[in-house]
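Asks: Shown below is the structure under consideration.
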Amino acid sequence: MDVASVLLGGFAAGMVLFIVSVGLSVTLGLMGFVNLAHGGFAMLGGYAIALSMREWGLPFPAALALGFASVAALSVVLERLLYARLYRASELDQVLFTIGLAFVMIASVTLAVGPETQTLVLPEWLRGQADLGFIKYRSYSVAVIVAGVVLALALWLGFERTRYGARIRAAVDNRRMAESLGVDVQRLFTVTFAIGSGLAAVGGGIGAEILGLDPQYPLRYLAYFLIVVAVGGLGRVTGVFFSALLIGVLDFVLKIYFPKGGAMFIYALTLALLLWRPQGLFGKRTA
Amino acid sequence: MRAPLLETRGLCKSFGALEVARDIDFRLERGARHALIGPNGAGKTTLVNLLTGALQPSRGSVLLEGDDLAGLAQAKRVKRGLARTFQINQLFRGLTVLENVCIAVAERLGVGGSMLRPAGKRADVIGEASRLLEMLRLQGDAGRRVAELPYGRQRLVELAIALGLKPRVLLLDEPAAGIPSAESHILLDAIAALPADIAVLIIEHDMDLVFRFARRITVMVSGAVFAEGSPAEIAANREVRAVYLGSALDA
Amino acid sequence: MRAVLELAGRHRLRAWEALPWAAALAAFFVFPNHLAFGTQLLITVLFALSLDLVLGYAGIVTLGHAAFFGAGAYTVGMLAQHLGWNEPLSSLAAAALVAGAIGLASGLVLLRTHGLTLLMLTLCTMALLEEAANMGARYTGGFDGMPGLGFQPLLGIFPFDVLFFRSQYLYALAVLFACFVVVRVLVYSPFGQSLTGIRENLLRMHAVGAPVRARLVLAYAISAALAGVAGGLFTQANAFVNLAVLGLDRAAGVLIILILGGYGRLYGAFVGALAYLLLEHALAKAYPTAWQLGLGLALMAVALYARNGILGIAASLHRRLGGRRAA
Ligand SMILES: Nc1ncnc2c1ncn2[C@@H]1O[C@H](COP(=O)(O)OP(=O)(O)OP(=O)(O)O)[C@@H](O)[C@H]1O
Ligand SMILES: [Mg+2]
């Protein structure tokens, strides 16, 4: 494979990682809540998208919207009813609760749909090859990259240019200070949590062709999502974007050239990186 | 001339753009009964954190008997006789009052890491801890979990832990805050009963208590030392009255 | 003072503490056909007990404790496979040493961090070992692991392989007992008390002058060595080792067992392992999905309502009943 197509493949994988992980990063940064069930929202969204297209013949964009909305709604319910009780609880309780939730999601999906892998029925315009001038590449991957970049830009603008984004940034940097300035961090969190989960759902759907989609998804990719977040630094959209790209490309390249040792390299790198900079590659050092 | 027991030279600390300690030169002599006062957010707690090594200064130094403590970890400073209480209780909430104090005493005696003999057989540690509890009238609560105690009593446990370290310099961050006034004499008695040669620095908003206790007072405003002197001098200082005392005394 | 007496007598053995051991011995005679299951149970108890030391006492939340179980398991496996070192007791000691050394080395670097970073790092360390075991197929057997390992008779007398459940069960019980004694002595010592202090309030522990990191690293290494013993036992009892000893499944599993039983109370490991393995035995084969669903719900419920697990519930019931009687 030539460099360009390797890079494109890696970018596509990175974009999926970004779309799924960005919500996790922001919620972690806001509340310090360790949400190991985040991948579960991505999986549920993926199922909603894949099934609504296959069973009801929903067009792709409509299915994405449906996945986003349904998972965002579900996450608000869960957040208000259950997560909210654990904000002050120990990290251990949060870890247990969210692992338990991930199990419940996995088991429910297995019971309701079955254990087999789901495939996305791609619309006509995403099948085949796109001619980029310098290279022909799978239209689907190209679309994923474009979607990821657009989304990243939108989120970045939202973060940097809106009052809402400013509040989130303030709360991530110094929650106490933000609260004393009248920011309702709790409210902020609920909304951010919903958007983040919805985005994860979209990522689960879009990424089904790249990461696969089956009930074991939440735990299989847990380490990857966490690595992306930890490397990117908590609560930083741009940080998550670059770290997702980095991990996506690295993983893609390593899988081609060292099919057996690739993952090991990524773990070792993450280990070294976090020991060097516990706040992540792009995070700010706190205190 | 002997170096003062504890001294800071040009101590500075900033959080981002916020300067919370500006060029602080501060001395604490042996046997001092020194009060540090100042409005909320003046940087009093930050100064204590800088002294104990919980925070690293941006510039300047902290000296104990003339030795620069730069780079010395908190634990090492405690071993050299620097102990503190916290403005907001920092206790082992799930453990009993007695255990709270035992942990401190065991660390001071250097047996905190011993693995073979049960903690319950350390009669020396337990004996000393229970004597401290008696002094602070906490013996009735010794077997209760700290989390079950009223806040005021917890404040006394906070003091007991610090005393269990047998410090040469004792830094008390608003020890009376949260103690019902009927019980605040327990605290004062305990402080009065301390060996005369240890230096005590107390941060306090209750001016009654400050003037009863202190032989020297430092006033901090916005991260800088605003005035320092005997209680009489401070009470007579117009500017101090204007920025701080007036409001506190009238209240 | 009552409190002094209470503290001074806390480490003394209570009558009921004989119960699990008596039950384990009784099971040997009553269920001669289930001793293989019994051996797995004892191994799991030991693994959970090792986790209790770091999680329940020192408060280190780790998602990677299976790293040490796996290190012990592979140590015993590789010694037997490649060096013909298959004397059970000494290879178990080697497992403890290797796992303890890995615990010490990783603890020295990892325990500088905390919170999410620490969680991530424990996860990464385990994943790293897992990948290493997968890659070093020449030494570890890679994905298939090392099947069909043989071990010498125990103490040169008692035959030791998968077919001799009786000697294996008693052997595992003896090892568990020895390790339990170590952990019990530790947690009631000033060292154990200081670990509890670190868990309860790190800030204060620094402020009383405790060498916090050294204590944590030491506890981590000891716990790793004990987990290594559990892993070594696993290999000896099953006569094989494969990648499953190192995975997230096992790490999460042991965490769940300890939490369900009740952490920070020594016997939680026993209760949790018994409850979990029995239920798993009964349910997981026939209804794997329902098992996972139930497990997930149980975990959520424990996190929300019953933070101290089965033993915690029992203790508060006991307190309530006792209180009523006294009133
Ligand atoms: N970790 C921190 N990060 C940012 N700002 C901080 C931090 N700690 C303290 N500050 C700020 O530094 C200033 C001084 O705080 P400090 O707690 O030292 O005041 P204080 O004199 O003890 O006040 P009080 O009487 O209310 O206890 C305050 O404005 C506070 O908000
Ligand atoms: Mg203060």
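Chain labels follow the order of the structure tokens: the first chain is A, the next B, and so on; residue numbering restarts at 1 in every chain, and ligands are counted from 1 in their shown order.
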When you look at stretch 171-188 of chain C with a cut-off of 7 Å (counting only C-alpha atoms), what residues show up, excluding the ones that are within fewer than 2 positions of it in the same chain? I need them as a PyMOL selection string.
Replies: (chain B and resi 115-116+118-119) or (chain C and resi 11+39+42-43+46+167-169+190-193)
Asks: Which of stretch 64-155 of chain B counts as strand (DSSP E) under DSSP, as a list in words please?
Replies: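 The strand (DSSP E) subset of stretch 64-155 of chain B is Leu64, Asp67, Asp68, Leu82, Ala83 and Arg84 of chain B.
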Asks: I'd like the neighbourhood of B:Arg22 as a PyMOL selection string, where a residue qualifies if any of its atoms comes within 7 Å (using only C-alpha atoms), though same-chain residues fewer than 5 positions away should be ignored.
Replies: chain B and resi 11-13+223-224
Asks: So, counting only C-alpha atoms, which residue among A:Asn174, A:Gly196, A:Val185, A:Met15 is closest to chain B?
Replies: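 Answer, going by the shortest atom-to-atom distance: A:Asn174.
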Asks: Using only C-alpha atoms and all ligand atoms, determine which residues fall within 8 Å of ligand 2, then list them as a PyMOL selection string.
Replies: chain B and resi 40-41+43-46+87+173-174+203
Asks: With a cut-off of 9 Å and counting only C-alpha atoms, select all residues of chain B in contact with chain C and give the selection as an NGL selection string.
Replies: :B and (52 or 54 or 74-79 or 83-86 or 90-100 or 103-108 or 111-123 or 126-127 or 130 or 139-144 or 161-162 or 164-165)
Asks: Between B:Asp206, B:Glu228, B:Glu148, B:Glu239, single out the one closest to ligand 1, counting only C-alpha atoms and all ligand atoms.
Replies: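 Using only C-alpha atoms and all ligand atoms, the shortest distance to ligand 1 belongs to B:Asp206.
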Asks: Tell me which protein, DNA and RNA residues are within 10 Å of stretch 108-115 of chain C, counting only C-alpha atoms, leaving out same-chain ones fewer than 4 positions away, and put them as number ranges by chain.
Replies: A: 32, 34, 91-92, 271-272, 274-275, 278-279; C: 60-62, 102-104, 119-122, 125, 212-214, 216-218, 220-221
Asks: Tell me, counting only C-alpha atoms, for each residue of chain A within 6 Å of chain C, which pair of atoms is nearest and how far apart they are in Å to one decimal, in rows ordered by chain and increasing number, as a Markdown table.
Replies:
| residue | atom | partner | partner_atom | distance |
| --- | --- | --- | --- | --- |
| A:Asp93 | CA | C:Ala303 | CA | 4.9 |
| A:Phe97 | CA | C:Met300 | CA | 4.5 |
| A:Gly100 | CA | C:Gly296 | CA | 3.8 |
| A:Leu101 | CA | C:Gly296 | CA | 5.9 |
| A:Phe103 | CA | C:Gly296 | CA | 4.8 |
| A:Val104 | CA | C:Leu293 | CA | 4.9 |
| A:Ala107 | CA | C:Leu293 | CA | 5.2 |
| A:Met264 | CA | C:Glu131 | CA | 5.4 |
| A:Tyr267 | CA | C:Cys124 | CA | 5.5 |
Asks: Please produce a file of the residues just selected, as an mmCIF file, in the first residue's frame, where the atoms kept are all heavy atoms.
Replies:
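Contents of out-v1.cif, freshly written:
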data_model
loop_
_atom_site.group_PDB
_atom_site.id
_atom_site.type_symbol
_atom_site.label_atom_id
_atom_site.label_comp_id
_atom_site.auth_asym_id
_atom_site.auth_seq_id
_atom_site.Cartn_x
_atom_site.Cartn_y
_atom_site.Cartn_z
ATOM 1 N N ASP A 93 -16.835 3.457 42.978
ATOM 2 C CA ASP A 93 -18.258 3.281 42.753
ATOM 3 C C ASP A 93 -18.628 3.646 41.322
ATOM 4 O O ASP A 93 -19.459 2.991 40.692
ATOM 5 C CB ASP A 93 -19.059 4.148 43.737
ATOM 6 C CG ASP A 93 -19.064 3.538 45.128
ATOM 7 O OD1 ASP A 93 -19.074 2.310 45.221
ATOM 8 O OD2 ASP A 93 -19.036 4.296 46.104
ATOM 9 N N PHE A 97 -20.281 1.027 38.774
ATOM 10 C CA PHE A 97 -21.584 1.327 38.212
ATOM 11 C C PHE A 97 -21.537 1.306 36.690
ATOM 12 O O PHE A 97 -22.381 0.705 36.038
ATOM 13 C CB PHE A 97 -22.061 2.694 38.706
ATOM 14 C CG PHE A 97 -23.295 3.175 38.020
ATOM 15 C CD1 PHE A 97 -24.536 2.680 38.381
ATOM 16 C CD2 PHE A 97 -23.214 4.099 36.992
ATOM 17 C CE1 PHE A 97 -25.673 3.097 37.727
ATOM 18 C CE2 PHE A 97 -24.350 4.526 36.334
ATOM 19 C CZ PHE A 97 -25.584 4.022 36.715
ATOM 20 N N GLY A 100 -21.021 -2.114 35.263
ATOM 21 C CA GLY A 100 -22.298 -2.813 35.351
ATOM 22 C C GLY A 100 -23.244 -2.380 34.239
ATOM 23 O O GLY A 100 -23.865 -3.214 33.573
ATOM 24 N N LEU A 101 -23.297 -1.068 34.013
ATOM 25 C CA LEU A 101 -24.171 -0.548 32.960
ATOM 26 C C LEU A 101 -23.736 -1.085 31.597
ATOM 27 O O LEU A 101 -24.572 -1.468 30.767
ATOM 28 C CB LEU A 101 -24.146 0.978 32.975
ATOM 29 C CG LEU A 101 -25.073 1.668 31.989
ATOM 30 C CD1 LEU A 101 -26.521 1.283 32.241
ATOM 31 C CD2 LEU A 101 -24.919 3.189 32.080
ATOM 32 N N PHE A 103 -22.274 -3.901 31.021
ATOM 33 C CA PHE A 103 -22.726 -5.296 30.970
ATOM 34 C C PHE A 103 -24.200 -5.369 30.601
ATOM 35 O O PHE A 103 -24.618 -6.178 29.775
ATOM 36 C CB PHE A 103 -22.531 -5.972 32.330
ATOM 37 C CG PHE A 103 -21.132 -6.472 32.571
ATOM 38 C CD1 PHE A 103 -20.106 -6.155 31.699
ATOM 39 C CD2 PHE A 103 -20.839 -7.251 33.673
ATOM 40 C CE1 PHE A 103 -18.821 -6.602 31.924
ATOM 41 C CE2 PHE A 103 -19.548 -7.713 33.912
ATOM 42 C CZ PHE A 103 -18.544 -7.379 33.034
ATOM 43 N N VAL A 104 -24.989 -4.527 31.254
ATOM 44 C CA VAL A 104 -26.427 -4.542 31.000
ATOM 45 C C VAL A 104 -26.697 -4.208 29.534
ATOM 46 O O VAL A 104 -27.527 -4.845 28.870
ATOM 47 C CB VAL A 104 -27.158 -3.559 31.932
ATOM 48 C CG1 VAL A 104 -28.600 -3.378 31.505
ATOM 49 C CG2 VAL A 104 -27.077 -4.056 33.368
ATOM 50 N N ALA A 107 -25.678 -7.227 27.383
ATOM 51 C CA ALA A 107 -26.609 -8.341 27.505
ATOM 52 C C ALA A 107 -27.950 -8.010 26.851
ATOM 53 O O ALA A 107 -28.547 -8.852 26.164
ATOM 54 C CB ALA A 107 -26.805 -8.697 28.976
ATOM 55 N N MET A 264 0.607 -3.666 21.140
ATOM 56 C CA MET A 264 1.573 -3.570 22.226
ATOM 57 C C MET A 264 2.313 -2.245 22.167
ATOM 58 O O MET A 264 2.538 -1.599 23.180
ATOM 59 C CB MET A 264 2.563 -4.718 22.106
ATOM 60 C CG MET A 264 3.665 -4.634 23.091
ATOM 61 S SD MET A 264 4.286 -6.256 23.445
ATOM 62 C CE MET A 264 5.949 -5.850 23.860
ATOM 63 N N TYR A 267 0.116 0.529 23.503
ATOM 64 C CA TYR A 267 0.015 0.519 24.963
ATOM 65 C C TYR A 267 1.306 1.045 25.590
ATOM 66 O O TYR A 267 1.281 1.832 26.529
ATOM 67 C CB TYR A 267 -0.270 -0.889 25.481
ATOM 68 C CG TYR A 267 -1.628 -1.398 25.109
ATOM 69 C CD1 TYR A 267 -1.794 -2.620 24.473
ATOM 70 C CD2 TYR A 267 -2.763 -0.644 25.384
ATOM 71 C CE1 TYR A 267 -3.048 -3.089 24.124
ATOM 72 C CE2 TYR A 267 -4.020 -1.105 25.033
ATOM 73 C CZ TYR A 267 -4.151 -2.328 24.409
ATOM 74 O OH TYR A 267 -5.387 -2.775 24.061
#
Asks: Return the single residue from A:Gly232, A:Leu226, A:Gly205, A:Asp173 that is closest to ligand 1, with distances computed using only C-alpha atoms and all ligand atoms.
Replies: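 Checking each candidate against ligand 1, we get A:Asp173 as the closest.
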Asks: Please report as a PyMOL selection string which residues of chain B come no farther than 12 Å from chain A, using only C-alpha atoms.
Replies: chain B and resi 13-16+54-57
Asks: If you measure from atom CA of A:Leu51 to atom CA of A:Val113, what distance in Å do you get, rounded to one decimal?
Replies: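 The value is 9.4 Å.
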